[in-house]
$ cat start.txt   # compact mmCIF, C-alpha atoms
# COMPACT_ATOMS: atom_id res chain seq x y z
CA MET X 1 138.03 183.10 -15.19
CA ASP X 2 135.53 181.00 -17.01
CA SER X 3 134.98 178.77 -14.06
CA VAL X 4 133.28 181.43 -11.99
CA THR X 5 129.57 180.91 -11.96
CA VAL X 6 127.07 183.19 -10.35
CA PHE X 7 123.66 181.97 -9.36
CA CYS X 8 120.87 184.36 -8.69
CA TYR X 9 117.15 184.31 -9.08
CA GLY X 10 114.26 186.64 -8.68
CA LEU X 11 110.89 186.04 -7.12
CA ALA X 12 108.08 187.89 -8.80
CA MET X 13 106.08 189.96 -6.36
CA GLU X 14 103.01 191.89 -7.13
CA GLY X 15 102.37 195.58 -6.91
CA SER X 16 105.85 196.80 -6.12
CA GLY X 17 108.05 198.92 -8.31
CA MET X 18 108.61 202.58 -7.88
CA GLU X 19 106.27 205.16 -9.32
CA PRO X 20 107.38 208.44 -10.77
CA GLU X 21 106.09 211.36 -8.77
CA LEU X 22 102.60 212.30 -9.95
CA ILE X 23 100.69 215.54 -10.17
CA SER X 24 96.90 215.75 -10.23
CA LYS X 25 95.16 217.51 -13.07
CA LYS X 26 93.77 220.06 -10.68
CA GLU X 27 97.20 220.90 -9.34
CA LEU X 28 98.63 221.04 -12.85
CA LEU X 29 96.02 223.58 -13.88
CA GLU X 30 96.62 225.58 -10.73
CA ILE X 31 100.40 225.70 -11.02
CA THR X 32 100.56 226.43 -14.73
CA GLY X 33 97.45 228.60 -15.01
CA ILE X 34 96.20 226.73 -18.07
CA SER X 35 92.53 225.89 -18.59
CA TYR X 36 90.72 222.59 -19.16
CA GLY X 37 90.13 223.74 -22.72
CA GLN X 38 93.85 224.17 -23.35
CA LEU X 39 94.74 220.88 -21.75
CA TYR X 40 92.18 218.92 -23.75
CA ARG X 41 93.19 220.74 -26.90
CA TRP X 42 96.82 219.81 -26.42
CA LYS X 43 95.79 216.26 -25.80
CA ARG X 44 93.88 216.23 -29.08
CA LYS X 45 96.89 217.64 -30.88
CA GLN X 46 99.01 215.02 -29.15
CA LEU X 47 101.23 217.65 -27.61
CA ILE X 48 100.67 215.77 -24.39
CA PRO X 49 100.83 212.03 -24.99
CA GLU X 50 97.87 209.88 -24.08
CA ALA X 51 100.18 207.69 -21.98
CA TRP X 52 100.78 210.54 -19.58
CA PHE X 53 97.11 210.64 -18.55
CA ILE X 54 96.99 208.28 -15.61
CA ARG X 55 93.53 207.60 -14.24
CA ARG X 56 93.07 206.79 -10.60
CA SER X 57 90.09 206.47 -8.34
CA THR X 58 90.23 208.78 -5.36
CA PHE X 59 87.71 209.60 -2.68
CA THR X 60 86.42 212.47 -4.85
CA GLY X 61 85.83 210.10 -7.73
CA GLN X 62 87.90 209.51 -10.80
CA GLU X 63 90.96 211.74 -11.00
CA THR X 64 93.61 212.11 -13.64
CA PHE X 65 97.28 212.33 -12.78
CA PHE X 66 100.41 213.00 -14.78
CA PRO X 67 104.08 212.24 -14.37
CA ARG X 68 104.98 215.45 -12.58
CA GLU X 69 108.33 216.43 -14.05
CA LEU X 70 107.46 215.40 -17.58
CA VAL X 71 104.16 217.20 -17.81
CA LEU X 72 105.34 220.39 -16.15
CA ALA X 73 108.32 220.60 -18.47
CA ARG X 74 106.10 219.94 -21.47
CA VAL X 75 103.49 222.54 -20.53
CA ARG X 76 106.21 225.10 -19.93
CA ARG X 77 107.65 224.40 -23.36
CA ILE X 78 104.28 224.59 -25.07
CA LEU X 79 103.53 227.90 -23.41
CA GLU X 80 106.94 229.29 -24.34
CA MET X 81 106.78 228.19 -27.94
CA LYS X 82 103.13 228.93 -28.54
CA GLU X 83 103.94 232.59 -29.12
CA ASP X 84 105.45 231.99 -32.52
CA LEU X 85 104.17 228.59 -33.60
CA SER X 86 100.74 227.18 -34.33
CA LEU X 87 99.68 224.11 -32.39
CA ASP X 88 100.13 221.90 -35.43
CA GLU X 89 103.66 223.17 -35.93
CA LEU X 90 104.27 222.56 -32.27
CA ALA X 91 102.99 219.02 -32.56
CA GLU X 92 105.50 218.42 -35.33
CA LYS X 93 108.22 219.79 -33.14
CA PHE X 94 107.47 217.29 -30.45
CA ALA X 95 106.76 214.54 -32.93
CA PRO X 96 110.27 213.33 -33.69
CA GLU X 97 110.33 211.68 -30.33
CA LEU X 98 113.50 211.63 -28.35
CA TYR X 99 114.14 208.14 -29.59
CA GLU X 100 114.83 209.40 -33.07
CA LEU X 101 117.14 212.20 -32.09
CA VAL X 102 120.89 212.19 -32.26
CA TRP X 103 123.02 214.16 -29.81
CA ARG X 104 126.37 215.82 -30.18
CA ARG X 105 129.03 214.76 -27.70
CA GLU X 106 129.95 218.32 -26.78
CA GLU X 107 126.33 219.12 -26.04
CA LEU X 108 125.99 216.12 -23.77
CA THR X 109 129.02 217.03 -21.71
CA ALA X 110 128.26 220.74 -21.71
CA ARG X 111 124.78 220.06 -20.36
CA ARG X 112 126.23 217.57 -17.87
CA ILE X 113 124.04 214.78 -19.07
CA VAL X 114 126.88 212.30 -19.16
CA SER X 115 130.52 212.83 -18.31
CA GLU X 116 133.43 212.88 -20.75
CA GLN X 117 134.67 209.79 -18.98
CA THR X 118 131.46 207.91 -19.63
CA LEU X 119 131.54 208.92 -23.27
CA GLY X 120 134.94 207.25 -23.33
CA MET X 121 133.09 203.95 -22.88
CA LEU X 122 131.81 204.20 -26.42
CA PRO X 123 133.13 201.34 -28.50
CA GLY X 124 135.99 202.06 -30.87
CA ASP X 125 137.03 205.66 -30.82
CA GLY X 126 133.55 206.60 -29.70
CA ALA X 127 131.11 207.99 -32.18
CA ALA X 128 133.55 209.00 -34.88
CA ASP X 129 131.41 211.87 -36.05
CA GLY X 130 130.83 212.99 -32.47
CA ARG X 131 127.17 211.99 -32.49
CA VAL X 132 125.32 209.70 -30.13
CA SER X 133 121.96 208.10 -30.79
CA PHE X 134 119.30 208.24 -28.11
CA ARG X 135 119.54 204.51 -27.63
CA MET X 136 123.25 204.72 -27.06
CA LEU X 137 122.84 207.76 -24.87
CA PHE X 138 120.37 205.90 -22.71
CA ALA X 139 122.84 203.03 -22.36
CA LEU X 140 125.61 205.44 -21.42
CA TYR X 141 123.47 207.28 -18.94
CA ALA X 142 122.33 204.09 -17.25
CA ALA X 143 125.86 202.72 -17.19
CA GLU X 144 127.13 205.89 -15.56
CA LYS X 145 124.48 205.70 -12.89
CA LEU X 146 125.12 202.06 -12.23
CA GLN X 147 128.82 202.51 -11.51
CA ARG X 148 128.44 205.60 -9.43
CA HIS X 149 129.62 203.97 -6.23
CA GLU X 150 131.97 201.38 -7.56
CA ARG X 151 134.59 201.31 -10.25
CA MET X 152 133.97 199.04 -13.18
CA PRO X 153 136.80 197.65 -15.34
CA PRO X 154 136.65 198.85 -18.98
CA ALA X 155 135.99 195.40 -20.40
CA GLU X 156 132.94 195.07 -18.19
CA GLN X 157 131.78 198.56 -19.03
CA ARG X 158 131.69 197.52 -22.66
CA ALA X 159 129.72 194.40 -21.86
CA LEU X 160 127.25 196.43 -19.83
CA LEU X 161 126.91 199.02 -22.55
CA GLN X 162 126.21 196.33 -25.08
CA LEU X 163 123.52 194.82 -22.90
CA LEU X 164 121.89 198.16 -22.18
CA LYS X 165 121.96 199.17 -25.81
CA ALA X 166 120.40 195.89 -26.87
CA GLU X 167 117.77 196.24 -24.15
CA GLY X 168 117.02 199.79 -25.23
CA PRO X 169 115.03 202.42 -23.36
CA ALA X 170 112.23 200.78 -21.42
CA ARG X 171 108.72 201.33 -22.66
CA GLU X 172 106.31 203.19 -20.43
CA ASP X 173 104.41 200.07 -19.54
CA GLU X 174 107.44 197.95 -18.85
CA ASP X 175 109.26 197.97 -15.60
CA LYS X 176 112.66 196.43 -15.70
CA GLU X 177 115.86 196.89 -13.85
CA VAL X 178 119.46 196.14 -14.52
CA LEU X 179 121.47 194.32 -11.89
CA TRP X 180 125.18 194.26 -11.40
CA VAL X 181 126.32 191.16 -9.58
CA ARG X 182 129.95 190.62 -8.62
CA LYS X 183 131.74 187.54 -7.50
CA ALA X 184 135.45 187.07 -7.12
CA GLY X 185 136.19 190.14 -9.19
CA ILE X 186 133.95 189.01 -12.02
CA SER X 187 130.87 190.97 -12.97
CA LEU X 188 127.61 189.77 -14.35
CA PHE X 189 124.89 192.06 -15.65
CA LEU X 190 121.25 191.09 -15.79
CA VAL X 191 118.09 192.78 -16.96
CA VAL X 192 115.05 191.52 -15.05
CA PRO X 193 111.44 192.56 -14.47
CA ILE X 194 111.08 194.75 -11.43
CA GLY X 195 109.34 193.77 -8.27
CA GLY X 196 111.16 190.58 -7.52
CA GLU X 197 112.96 189.73 -4.39
CA LEU X 198 116.53 188.92 -5.21
CA ARG X 199 118.84 186.39 -3.67
CA VAL X 200 122.41 185.79 -4.68
CA GLU X 201 124.59 182.92 -3.63
CA THR X 202 127.15 183.36 -0.88
CA GLY X 203 130.33 184.86 -2.17
CA ALA X 204 128.50 186.87 -4.76
CA ARG X 205 126.99 190.24 -4.07
CA LEU X 206 124.75 192.75 -5.71
CA ALA X 207 126.98 195.73 -6.45
CA ALA X 208 124.28 197.99 -7.86
CA ARG X 209 120.82 197.97 -9.38
CA LEU X 210 118.99 200.50 -11.47
CA LYS X 211 115.37 200.82 -12.57
CA LEU X 212 115.34 201.40 -16.29
CA ARG X 213 112.06 203.25 -16.47
CA ASP X 214 113.04 205.74 -13.79
CA CYS X 215 116.36 206.12 -15.47
CA LEU X 216 114.68 206.83 -18.82
CA GLN X 217 112.39 209.35 -17.21
CA GLU X 218 115.28 211.10 -15.54
CA LEU X 219 117.15 211.25 -18.79
CA THR X 220 114.22 212.61 -20.80
CA ASN X 221 113.63 215.22 -18.12
CA LYS X 222 117.22 216.33 -18.40
CA LEU X 223 117.01 216.47 -22.18
CA ALA X 224 113.68 218.31 -22.33
CA MET N 1 95.93 215.10 -48.98
CA MET N 2 96.82 214.93 -52.66
CA LEU N 3 95.63 211.91 -54.54
CA ALA N 4 96.07 213.15 -58.08
CA GLU N 5 96.74 209.69 -59.49
CA ALA N 6 93.84 208.05 -57.72
CA PHE N 7 90.56 206.98 -59.29
CA ASP N 8 87.03 207.68 -58.24
CA LEU N 9 85.05 204.86 -56.75
CA ALA N 10 81.30 204.72 -57.23
CA LEU N 11 79.22 201.90 -55.80
CA ASN N 12 75.54 201.49 -56.57
CA GLY N 13 72.83 199.10 -55.60
CA ILE N 14 74.11 196.02 -53.85
CA SER N 15 77.82 196.06 -54.30
CA ARG N 16 81.17 195.47 -52.81
CA ALA N 17 84.64 196.87 -53.41
CA ALA N 18 88.17 196.65 -52.14
CA GLY N 19 89.72 199.28 -49.96
CA GLY N 20 92.46 201.55 -51.18
CA ALA N 21 93.23 205.13 -52.06
CA TYR N 22 90.66 206.91 -54.16
CA ARG N 23 89.99 210.47 -55.15
CA SER N 24 86.32 210.36 -54.33
CA VAL N 25 84.21 207.54 -52.97
CA LYS N 26 80.47 207.38 -53.42
CA MET N 27 78.43 204.55 -51.97
CA GLU N 28 74.71 204.37 -52.65
CA GLY N 29 72.47 201.48 -51.77
CA VAL N 30 73.71 198.49 -49.84
CA CYS N 31 77.46 198.69 -50.18
CA LYS N 32 80.51 197.28 -48.53
CA ILE N 33 84.17 198.11 -48.72
CA ASP N 34 86.56 195.42 -47.64
CA GLY N 35 89.46 197.36 -46.20
CA ASP N 36 90.92 200.71 -45.29
CA VAL N 37 89.86 203.62 -47.45
CA LYS N 38 91.72 206.80 -48.14
CA ALA N 39 89.86 209.41 -50.11
CA GLU N 40 89.54 213.10 -50.57
CA ASP N 41 85.79 213.06 -50.34
CA MET N 42 83.61 210.20 -49.27
CA ALA N 43 79.84 210.02 -49.28
CA VAL N 44 77.81 207.04 -48.14
CA SER N 45 74.07 206.74 -48.31
CA GLY N 46 71.77 203.85 -47.61
CA VAL N 47 73.29 200.95 -45.78
CA GLY N 48 77.05 201.19 -45.92
CA LYS N 49 79.82 199.29 -44.25
CA VAL N 50 83.53 199.79 -44.34
CA TYR N 51 85.49 196.86 -42.93
CA GLY N 52 88.46 199.03 -42.14
CA GLY N 53 89.40 202.58 -41.31
CA VAL N 54 88.56 205.71 -43.25
CA GLU N 55 90.78 208.69 -43.83
CA ALA N 56 89.21 211.49 -45.80
CA ARG N 57 89.00 215.23 -46.14
CA THR N 58 85.22 215.20 -46.04
CA PHE N 59 83.03 212.34 -44.92
CA VAL N 60 79.28 212.47 -45.39
CA ALA N 61 77.02 209.61 -44.31
CA ALA N 62 73.27 209.29 -44.47
CA GLY N 63 71.37 206.20 -43.53
CA ARG N 64 72.84 203.32 -41.60
CA VAL N 65 76.58 203.40 -41.86
CA THR N 66 79.32 201.50 -40.04
CA VAL N 67 83.05 202.00 -40.10
CA ALA N 68 84.98 199.17 -38.50
CA GLY N 69 88.24 201.05 -38.02
CA PRO N 70 88.98 204.62 -37.06
CA LEU N 71 87.43 207.49 -38.98
CA THR N 72 89.67 210.49 -39.54
CA ALA N 73 88.33 213.43 -41.51
CA ASP N 74 88.41 217.22 -41.51
CA ARG N 75 84.68 217.55 -41.94
CA VAL N 76 82.18 214.95 -40.92
CA ARG N 77 78.47 215.22 -41.62
CA LEU N 78 76.22 212.42 -40.43
CA GLU N 79 72.54 211.81 -40.71
CA GLY N 80 70.88 208.69 -39.42
CA GLN N 81 72.58 205.90 -37.62
CA PHE N 82 76.33 205.84 -37.57
CA THR N 83 78.71 203.46 -35.84
CA VAL N 84 82.47 203.77 -35.78
CA ARG N 85 84.52 201.13 -34.04
CA GLY N 86 88.00 202.63 -33.97
CA GLY N 87 87.37 206.15 -32.76
CA LEU N 88 86.30 209.30 -34.55
CA TYR N 89 88.81 212.07 -35.23
CA ALA N 90 87.53 215.15 -36.97
CA ASP N 91 88.02 218.83 -37.22
CA LYS N 92 84.34 219.59 -37.35
CA ALA N 93 81.58 217.05 -36.97
CA VAL N 94 77.90 217.78 -37.38
CA LEU N 95 75.50 214.98 -36.61
CA ASP N 96 71.78 214.44 -36.68
CA GLY N 97 70.80 211.03 -35.45
CA ALA N 98 72.42 208.29 -33.51
CA LEU N 99 76.17 208.15 -33.14
CA LYS N 100 77.96 205.27 -31.56
CA VAL N 101 81.71 205.50 -31.12
CA GLU N 102 83.81 202.70 -29.72
CA GLY N 103 86.99 204.39 -28.60
CA ASN N 104 87.52 208.11 -28.38
CA CYS N 105 85.68 210.85 -30.18
CA GLU N 106 87.83 213.92 -30.79
CA ALA N 107 87.12 217.08 -32.74
CA GLU N 108 87.65 220.79 -32.59
CA GLU N 109 83.91 221.19 -32.87
CA ILE N 110 81.06 218.71 -32.44
CA VAL N 111 77.45 219.66 -32.96
CA LEU N 112 75.09 216.80 -32.36
CA ASN N 113 71.36 216.48 -32.35
CA GLY N 114 70.23 213.12 -31.19
CA TRP N 115 71.73 210.20 -29.40
CA ILE N 116 75.36 209.62 -28.68
CA ARG N 117 77.26 206.80 -27.11
CA VAL N 118 81.01 207.13 -26.71
CA GLY N 119 82.87 204.21 -25.17
CA GLY N 120 85.95 206.28 -24.40
CA MET N 121 86.42 209.97 -24.11
CA LEU N 122 84.56 212.71 -25.90
CA ASN N 123 87.09 215.51 -26.32
CA ALA N 124 86.32 218.62 -28.35
CA GLY N 125 86.96 222.32 -28.25
CA ARG N 126 83.28 223.03 -28.57
CA ILE N 127 80.71 220.40 -27.76
CA ASP N 128 77.10 221.20 -28.46
CA ILE N 129 74.68 218.37 -27.82
CA GLY N 130 70.92 218.49 -28.30
CA LEU N 131 69.74 215.36 -26.56
CA ILE N 132 67.03 213.16 -27.93
CA GLY N 133 67.76 209.69 -26.60
CA ALA N 134 69.49 208.33 -23.53
CA SER N 135 73.10 209.11 -24.30
CA LYS N 136 76.29 208.04 -22.62
CA ALA N 137 79.98 208.91 -22.62
CA GLN N 138 82.65 207.87 -20.18
CA GLU N 139 84.39 211.22 -20.00
CA ILE N 140 83.71 214.53 -21.65
CA GLY N 141 86.32 217.24 -21.86
CA GLY N 142 86.76 220.45 -23.78
CA SER N 143 86.65 224.18 -23.71
CA SER N 144 82.95 224.86 -24.12
CA ILE N 145 80.46 222.11 -23.37
CA GLU N 146 76.76 222.56 -23.77
CA VAL N 147 74.21 219.81 -23.34
CA LYS N 148 70.51 220.49 -23.63
CA ARG N 149 67.30 218.73 -24.46
CA ALA N 150 66.76 219.02 -28.18
CA GLU N 151 64.02 221.28 -29.31
CA ARG N 152 61.09 219.28 -30.55
CA GLY N 153 61.63 220.07 -34.18
CA ALA N 154 61.16 217.98 -37.24
CA TRP N 155 64.22 215.98 -36.33
CA ALA N 156 63.00 214.76 -33.00
CA HIS N 157 60.01 213.28 -34.71
CA LEU N 158 62.04 211.55 -37.38
CA LEU N 159 64.73 210.34 -35.07
CA GLN N 160 62.40 208.43 -32.80
CA ARG N 161 62.76 205.55 -35.22
CA VAL N 162 66.51 205.28 -35.04
CA ILE N 163 67.08 206.20 -31.46
CA PRO N 164 66.63 203.45 -28.90
CA ALA N 165 65.30 205.19 -25.82
CA PHE N 166 63.42 208.37 -26.30
CA ASP N 167 64.05 209.87 -22.92
CA PRO N 168 66.52 212.72 -23.33
CA ALA N 169 69.35 212.19 -20.87
CA LEU N 170 73.09 212.07 -20.78
CA GLU N 171 75.15 209.93 -18.50
CA ALA N 172 78.85 210.51 -17.93
CA ARG N 173 81.38 209.78 -15.27
CA MET N 174 83.27 213.01 -15.60
CA ILE N 175 82.70 216.27 -17.44
CA GLU N 176 85.42 218.91 -17.54
CA GLY N 177 85.47 222.19 -19.41
CA ASP N 178 85.95 225.92 -19.13
CA GLU N 179 82.32 226.75 -19.82
CA VAL N 180 79.96 223.92 -18.93
CA ARG N 181 76.20 224.17 -19.38
CA LEU N 182 74.23 221.02 -18.75
CA GLU N 183 70.65 219.85 -18.86
CA ALA N 184 69.23 216.40 -18.17
CA THR N 185 72.66 215.08 -17.32
CA ALA N 186 73.75 212.61 -14.69
CA ALA N 187 77.44 212.74 -13.84
CA ALA N 188 79.65 211.80 -10.93
CA VAL N 189 81.95 214.80 -11.27
CA VAL N 190 81.66 218.08 -13.17
CA ARG N 191 84.61 220.45 -13.17
CA GLY N 192 84.85 223.84 -14.80
CA ASP N 193 85.43 227.53 -14.63
CA ARG N 194 81.84 228.63 -15.21
CA VAL N 195 79.31 225.88 -14.64
CA VAL N 196 75.58 225.94 -15.17
CA ILE N 197 73.71 222.90 -13.93
CA GLY N 198 70.32 223.04 -15.59
CA ALA N 199 66.99 221.33 -15.15
CA GLY N 200 66.92 217.58 -14.72
CA CYS N 201 70.58 217.21 -13.78
CA SER N 202 71.87 214.96 -11.08
CA ILE N 203 75.51 215.59 -10.25
CA GLY N 204 77.61 214.09 -7.50
CA ARG N 205 80.21 216.78 -7.14
CA VAL N 206 80.74 220.09 -8.90
CA GLU N 207 84.10 221.85 -8.74
CA TYR N 208 84.07 225.33 -10.19
CA LYS N 209 86.30 228.35 -10.26
CA THR N 210 84.39 231.49 -11.19
CA GLU N 211 80.71 230.77 -11.14
CA LEU N 212 78.17 228.05 -10.45
CA ILE N 213 74.49 228.31 -11.23
CA VAL N 214 72.19 225.46 -10.27
CA HIS N 215 68.63 225.18 -11.52
CA PRO N 216 66.07 224.57 -8.75
CA ASN N 217 65.09 221.45 -10.60
CA ALA N 218 68.53 219.90 -10.39
CA SER N 219 70.41 218.05 -7.72
CA VAL N 220 74.03 218.63 -6.81
CA LYS N 221 75.33 216.73 -3.83
CA GLU N 222 78.56 218.59 -3.31
CA ARG N 223 79.69 222.02 -4.49
CA VAL N 224 83.31 223.01 -4.20
CA ARG N 225 84.83 226.27 -5.26
CA VAL N 226 88.49 225.75 -6.17

$ encode --input "start.txt" --output "structure tokens"
Amino acid sequence: MDSVTVFCYGLAMEGSGMEPELISKKELLEITGISYGQLYRWKRKQLIPEAWFIRRSTFTGQETFFPRELVLARVRRILEMKEDLSLDELAEKFAPELYELVWRREELTARRIVSEQTLGMLPGDGAADGRVSFRMLFALYAAEKLQRHERMPPAEQRALLQLLKAEGPAREDEDKEVLWVRKAGISLFLVVPIGGELRVETGARLAARLKLRDCLQELTNKLA
Amino acid sequence: MMLAEAFDLALNGISRAAGGAYRSVKMEGVCKIDGDVKAEDMAVSGVGKVYGGVEARTFVAAGRVTVAGPLTADRVRLEGQFTVRGGLYADKAVLDGALKVEGNCEAEEIVLNGWIRVGGMLNAGRIDIGLIGASKAQEIGGSSIEVKRAERGAWAHLLQRVIPAFDPALEARMIEGDEVRLEATAAAVVRGDRVVIGAGCSIGRVEYKTELIVHPNASVKERVRV
């Protein structure tokens, strides 16, 4: 077992890496019916994070874009909740960012965020009190996605989970992916910067790969 | 903010103090504070420098005042020449003179008479600018934005000394608001619901929803109703 070695390397390439789908400010205003005043106000109150304002030059000059799913979900929530809360109260509601939240197992399965089976990957008897931190949830979610097409032995699932948990949810400005390389029935998991061309030695193969930032975005969309 | 245990800090003449949390801070003369300041009320007059950020309920500055970090206050009143290097975050800011902000300038309401230079974005619910000097901001956004040439009152006369160029004008890359009324402004893009482009404006592209009025003495290259 120990004698199996897997060689792989990545070549950094510029400018690749997948982008989340974007929506222009104009389109956002049109779809949601909000005004510039509201949008700028929410930005001031940090209801819409600064990081979501993506500036791009277009042929009509400077335009601002947003991550489509995230911003639409957020605007919808602000509009729904605005009825009974002041903006400052709202800001507090959004403030404990996802990262700080803890989720109940039943809720996660009921909302089909991760399967019961995946939750079984949790070390020990799982979260004894039935609660899962966001960090752990992210690891679970990514692990589930990674083994969608191929079965992974339990021991390797645990190793993957440990790696993903240590890696943590990617930051907005970081683009990394996790690779699953198999050779002779042995798995190796790697976290590497995105955008590289990947070669693996003969006899080994890339079983699956997953972009962590996309994965995080997908997860936060589901949780929103 | 409750700082019941904190002391008052009063600086006079030529003096220097450490940063920290105070109940009230008064700086008169040529004064420096060597770090971040937290206070309920802060007043600076003369030549004042804070080598850090300021967090206060009210912040009043008169003279030539510099804050090296961010300034966060409910009410900001400035007279003279004011520089803030880490952004300005206020509920209401009223300014007469020259304001230079490195970073963003955000407030619910900004009323300014004079010269303004914002390195980042000027974002306020209501922006009311009476121009005296050649002002500049990268982006301006808000609900109601009004820019006009300042009336030649007593201020204009006084402010000539502190304001570099005395030709009233505003330059911005992008201005976006619900109600936008501009004078003497050069911008690449102006977007809004109701837009009035007044005398002396030179705008690349205006996108409006309900109404666009353009003064005969203004140039707009492209008008788009969206």

$ interface_residues --input "start.txt" --of "chain X" --to "chain N" --cutoff "6 Å" --atoms "only C-alpha atoms" --output "MDAnalysis selection string"
chainID X and resid 36:37 40

$ atom_distance --input "start.txt" --atom1 "atom CA of X:Glu69" --atom2 "atom CA of X:Leu47"
15.4 Å

$ residues_near_point --input "start.txt" --point "(134.6, 184.7, -3.2)" --cutoff "10 Å" --atoms "only C-alpha atoms" --output "VMD selection string"
chain X and resid 4 182 to 186 202 to 205

$ atom_distance --input "start.txt" --atom1 "atom CA of N:Gly19" --atom2 "atom CA of N:Arg57"
16.4 Å

$ residues_around --input "start.txt" --residues "stretch 127-131 of chain N" --least-positions-apart "2" --cutoff "7 Å" --atoms "all atoms listed in the file" --output "NGL selection string"
:N and (109-115 or 124-125 or 133 or 144-150 or 168-169)

$ atom_distance --input "start.txt" --atom1 "atom CA of N:Ala43" --atom2 "atom CA of N:Gly103"
22.6 Å

$ closest_residue --input "start.txt" --among "N:Leu11, N:Val84, N:Val94, N:Ile132" --to "N:Glu151" --atoms "only C-alpha atoms"
N:Ile132

$ closest_residue --input "start.txt" --among "N:Ala184, N:Val30, N:Leu71, N:Ser15" --to "N:Met42" --atoms "all atoms listed in the file"
N:Leu71

$ residues_around --input "start.txt" --residues "stretch 207-222 of chain N" --least-positions-apart "6" --cutoff "7 Å" --atoms "all atoms listed in the file" --output "list in words"
Val190, Arg191, Gly192, Asp193, Arg194, Val195, Val196, Ile197, Gly198, Ala199, Gly200 and Cys201 of chain N

$ closest_residue --input "start.txt" --among "X:Gln147, X:Trp52, X:Leu70, X:Gly130" --to "X:Leu216" --atoms "all atoms listed in the file"
X:Leu70

$ closest_residue --input "start.txt" --among "N:Ala6, N:Ala186, N:Asp96, N:Ala90" --to "N:Lys136" --atoms "all atoms listed in the file"
N:Ala186

$ residues_around --input "start.txt" --residues "N:Ala98" --least-positions-apart "2" --cutoff "7 Å" --atoms "all atoms listed in the file" --output "JSON, numbers by chain"
{"N": [80, 81, 82, 96, 100, 114, 115, 116, 162, 163]}

$ residues_around --input "start.txt" --residues "N:Asn12" --least-positions-apart "6" --cutoff "7 Å" --atoms "only C-alpha atoms" --output "PDB file with C-alpha atoms, in the coordinates of the input"
ATOM      1  CA  MET N  27      78.430 204.550 -51.970  1.00  0.00           C
ATOM      2  CA  GLU N  28      74.710 204.370 -52.650  1.00  0.00           C
ATOM      3  CA  GLY N  29      72.470 201.480 -51.770  1.00  0.00           C
TER       4      GLY N  29
END

$ closest_residue --input "start.txt" --among "X:Ala143, X:Val102, X:Ile48, X:Val75" --to "X:Gly120" --atoms "all atoms listed in the file"
X:Ala143

$ closest_residue --input "start.txt" --among "N:Arg64, N:Arg23, N:Arg225, N:Arg181" --to "N:Asp41" --atoms "only C-alpha atoms"
N:Arg23
